[in-house]
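To keep things clear, I will list the structure first and then write my remarks on it.
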Amino acid sequence: MRSDGHAGASRTLKLAALAGMAFLHVPMLFIVLYAFSSEDQTYVFPPPGLTTRWFGVAWERPDVWQAIELSVQVAAVSTALAIALGTLAALALARSRFFGREAVSLLLVLPIALPGIVTGIALRSAYGLGGIPFGFWTIVVGHATFCVVVVYNNAVARLRRTSPSLIEASMDLGADGWQTLRYVLLPQLGTALLAGGMLAFALSFDEVIVTTFTAGQQTTLPIWMLQELVRPRQRPVTNVVAVIIVALTFVPILAAYYLTRADEQGGAGR
Amino acid sequence: MSAALAVAPSAWPLRRLSSFLYGRRGLYLALLLAPPLLWLGVVYCGSLLALLANSFFGMDEFSGMVKREFTLRNFADLAAPANLDVIVRTVTMAAAVTLGCALIGFPIAYFMARYTRGALRAAFYLGVMLPLWSSYLVRVYAWKLLLAKEGVVNWLFAETGMGWLLQAILGLPVVGGPSLSISSLGTFIVFVYIWLPFMILPIQAALERVPQSLIEASADLGARDTATLRKVILPLALPGIVAGSIFTFSLTLGDYIIPGIIGDSSMYIGQVVFLQQGTAGNVPLAAAFTLVPITVMVVYLAVAKRMGAFDAL
């Protein structure tokens, strides 16, 4: 009798899996630790002392607040656009077969399948050719483009799980197409759209590669972070902002997970 | 009843529209698809075409302005030794990162798919998904803290009396450097760390579909665990590994931030693109450079499709 058959994992496998997960998560713990470090010049470990004063310093910084504000605005507008476009695409593609369907779904995935730098420079060349000045809307256009697929994925997974007999029942009971959409399909989609929207929000809030090409002089929170990484001004403030970013993006992702737990796992993947 | 009555008048034009559309399925689909297709078709594909057009434009040597005339010079420039160097380095790094992700990711995915259920599985799933969706820059930054000369990793090596080992590794040509945060080994570690979740999820999805009976049959026929792993599980997991490698490969090819923050001064494709379009103002050459990762990815996707990777996505 072997002890490591299908009854339980072998010790080597367990160890490798746990070590891998530790590799994924331990670095983030140090980010939290460093936000409390009293050292302000180097990344010395172990920190010479612990303090909460950097949170106060970061709170007083107007540039941090402006960056957060712009990021939230961009993410909100991009998410709204992505929800509208992604829902339409999902309603059209979920249960139909038509010529060119594969091409349409490829088109939806393309903005995240190609490296971010391609999307970024492509948009930049288009703005350049069209003489469009950089600003809030040039950032939003870029973000909305790669957020559509996130909403689409969640909506399509839910629509495929929704029984067609629900729609038939609604029609049999005398509802027209609009009423079926309004009172049957959209309520079914509700939490999936909310989840997709939250993931899209997190994705936009965190995006930096495309943004560097489409932002001009505007500073979103990730751009602010990038500037600090390249040319550090006040390291402790950067550490505190890093913790804030992590906290702000974890909330919508966790919420999205709990909203779509019942859908197949693929619905939440990129 | 009253609710239905209240709805009725305002819904009238919509009701007429929906019954009009009911028999015309093609028109209905076209109306649904028009906005997303217009957005992606015009904005996104239009931009890609603008990029392609730009790669054939020239630069005026004197004014430094883009000349909108057809030329193949940018592609000739790509073949210059310095640029070929960048391309080879980037593709090698992408391949190494893919291999690293597969080696670290496989045990995690295997454990997740076969030995977890309920709360533990949810914990593992969230543990992989959270880093996939969030805080790209913060996660890169974490490694700047860890790999710095005065940072955690150095401290760990010194405390365990292994400082000489780290020095030996850093002394190696090509991968080494003055400290881990200024070496290509550091760049490699951070790339693997950042893209690892993209490898784990498709492998896990592929492994979940391997029926238990197949593994039992293999054991009944006398195969040891290692033979079952090699001859039954790995071949079935391969589409998942290839699917994951699409992400790790493509993301590494296009990243310009990680090698800029953690690494020596050697350049990668993304950095060259960024510098050429930014400080150098040579958008045409930058555009030609981005066609390299696009071409590599098209070939890669074609091969991956043959290996059935898309069924595992």
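Quick note on naming: the chains in the structure tokens go A, B, ... in the order shown, residues restart at 1 in each chain, and ligands are numbered from 1 in order of appearance.
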Residues near region 210-212 of chain A, anyone? I mean within 6 Å using only C-alpha atoms, not counting same-chain ones fewer than 3 positions away, as a PyMOL selection string. chain A and resi 116+120+215
Quick one: residues within 7 Å of region 145-154 of chain B, only C-alpha atoms counted, chain neighbours fewer than 4 positions away excluded, as a list in words? Tyr43, Val44 and Phe45 of chain A; Tyr141, Ala158, Ser179, Leu180 and Ser181 of chain B
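Interatomic distance, CA of Ala247 (chain A) against CA of Val148 (chain A): 24.0 Å.
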Counting only C-alpha atoms, what is within 10 Å of region 101-117 of chain B, bar same-chain residues fewer than 4 positions away, as a count of residues only? 56
If we count only C-alpha atoms, what is near Thr52 (chain A) at a cut-off of 12 Å, once residues fewer than 3 positions away on the same chain are taken out, given as an MDAnalysis selection string? chainID A and resid 32:39 49 55:59 236:237 239:240
With a distance cut-off of 8 Å and only C-alpha atoms, select the neighbouring residues of Arg235 (chain A), excluding the residue or stretch itself and same-chain residues fewer than 5 positions from it, and output the selection as a compact mmCIF listing (two decimals) with C-alpha atoms, in the first residue's frame.
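So around-v4.txt came out as:
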# COMPACT_ATOMS: atom_id res chain seq x y z
CA ASP A 40 13.59 57.13 5.33
CA GLN A 41 16.72 56.89 3.15
CA GLU A 228 8.59 57.61 -7.51
Can you check which residues of region 81-296 of chain B DSSP gives as alpha helix (DSSP H) on the backbone and send them as a ChimeraX atom specification? /B:81-115,118-133,136-147,152-159,163-171,184-208,212-220,225-228,234-254,258-261,269-277,283-296
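Comparing the minimum interatomic distances between chain B and each of A:Ala82, A:Ala67, A:Ala75, A:Leu123, counting only C-alpha atoms, we find that A:Leu123 sits nearest.
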What is the CA of Ala256 (chain A) to CA of Ile257 (chain B) distance in Å? 27.9 Å
Set the distance at 10 Å and use only C-alpha atoms: which residues neighbour region 151-153 of chain A once local chain neighbours fewer than 4 positions away are removed? I'd like the list as a compact mmCIF listing (two decimals) with C-alpha atoms, in the first residue's frame.
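Dumped everything to around.txt:
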# COMPACT_ATOMS: atom_id res chain seq x y z
CA THR A 79 -15.81 50.92 -16.37
CA ALA A 82 -16.88 48.84 -20.70
CA ILE A 83 -20.10 47.66 -19.02
CA ALA A 84 -22.23 49.14 -21.83
CA LEU A 85 -20.10 47.73 -24.67
CA GLY A 86 -19.33 44.40 -22.96
CA THR A 87 -22.99 43.69 -22.15
CA LEU A 88 -24.08 44.37 -25.73
CA ALA A 89 -21.36 42.09 -27.08
CA ALA A 90 -22.27 39.35 -24.60
CA LEU A 91 -25.99 39.51 -25.44
CA LEU A 93 -22.58 36.41 -28.86
CA ALA A 94 -23.78 34.24 -25.95
CA SER A 105 -14.61 37.28 -30.16
CA LEU A 108 -12.67 41.46 -28.10
CA VAL A 109 -9.70 39.57 -26.63
CA PHE A 146 -9.04 46.61 -22.66
CA CYS A 147 -11.78 46.61 -19.98
CA ALA A 157 -20.40 33.07 -18.55
CA ARG A 158 -23.62 34.04 -16.74
CA ALA A 192 -22.22 39.23 -13.17
CA LEU A 193 -22.13 42.78 -14.54
CA LEU A 194 -21.34 44.14 -11.10
CA ALA A 195 -18.49 41.66 -10.77
CA GLY A 196 -17.19 42.39 -14.26
CA GLY A 197 -17.42 46.10 -13.55
CA MET A 198 -15.43 45.73 -10.34
CA LEU A 199 -12.69 43.76 -12.06
CA ALA A 200 -12.62 46.33 -14.86
CA GLY A 266 -13.29 30.87 -16.27
CA GLY A 267 -15.68 33.79 -15.88
CA ALA A 268 -13.27 35.56 -13.59
CA GLY A 269 -10.08 34.92 -15.51
CA ARG A 270 -8.54 37.51 -17.74
Neighbour list for Gln73 (chain A) as a PyMOL selection string, cut-off 12 Å, only C-alpha atoms, skip fewer than 5 positions in-chain: chain A and resi 66-68+78-80+136-137+139-140+143+201+204-205+220-221
Just to be explicit: take each residue in the selection above, keep N, CA and C atoms, and write the result as a compact mmCIF listing (two decimals), in the first residue's frame.
# COMPACT_ATOMS: atom_id res chain seq x y z
N GLN A 66 -4.48 64.17 -5.60
CA GLN A 66 -4.86 64.45 -7.00
C GLN A 66 -4.74 63.20 -7.86
N ALA A 67 -3.67 62.43 -7.63
CA ALA A 67 -3.48 61.22 -8.42
C ALA A 67 -4.59 60.21 -8.15
N ILE A 68 -4.95 60.05 -6.86
CA ILE A 68 -6.03 59.12 -6.53
C ILE A 68 -7.32 59.57 -7.19
N SER A 78 -14.23 54.63 -17.54
CA SER A 78 -13.85 53.48 -18.37
C SER A 78 -14.73 52.28 -18.06
N THR A 79 -14.99 52.06 -16.77
CA THR A 79 -15.81 50.92 -16.37
C THR A 79 -17.23 51.06 -16.92
N ALA A 80 -17.79 52.28 -16.83
CA ALA A 80 -19.14 52.49 -17.35
C ALA A 80 -19.19 52.18 -18.85
N PHE A 136 -7.64 63.71 -20.31
CA PHE A 136 -8.47 62.74 -19.60
C PHE A 136 -9.05 61.69 -20.54
N TRP A 137 -9.62 62.16 -21.68
CA TRP A 137 -10.35 61.23 -22.55
C TRP A 137 -9.43 60.29 -23.31
N ILE A 139 -6.85 58.91 -22.05
CA ILE A 139 -6.59 57.82 -21.11
C ILE A 139 -7.80 56.88 -21.06
N VAL A 140 -9.00 57.50 -20.97
CA VAL A 140 -10.22 56.69 -20.84
C VAL A 140 -10.40 55.76 -22.04
N HIS A 143 -8.19 52.74 -21.61
CA HIS A 143 -8.63 51.84 -20.54
C HIS A 143 -9.90 51.10 -20.92
N PHE A 201 -12.78 47.93 -13.04
CA PHE A 201 -12.35 49.08 -12.23
C PHE A 201 -10.95 48.83 -11.66
N SER A 204 -8.35 49.00 -14.47
CA SER A 204 -8.08 50.37 -14.91
C SER A 204 -7.32 51.15 -13.84
N PHE A 205 -7.73 50.98 -12.58
CA PHE A 205 -7.11 51.70 -11.47
C PHE A 205 -5.62 51.38 -11.37
N THR A 220 -1.95 59.70 -13.16
CA THR A 220 -2.80 58.77 -12.42
C THR A 220 -1.97 58.19 -11.28
N LEU A 221 -2.61 57.45 -10.39
CA LEU A 221 -1.90 56.92 -9.23
C LEU A 221 -0.75 55.98 -9.64
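Between CA of Thr119 (chain A) and CA of Trp39 (chain B) there is a distance of 14.1 Å.
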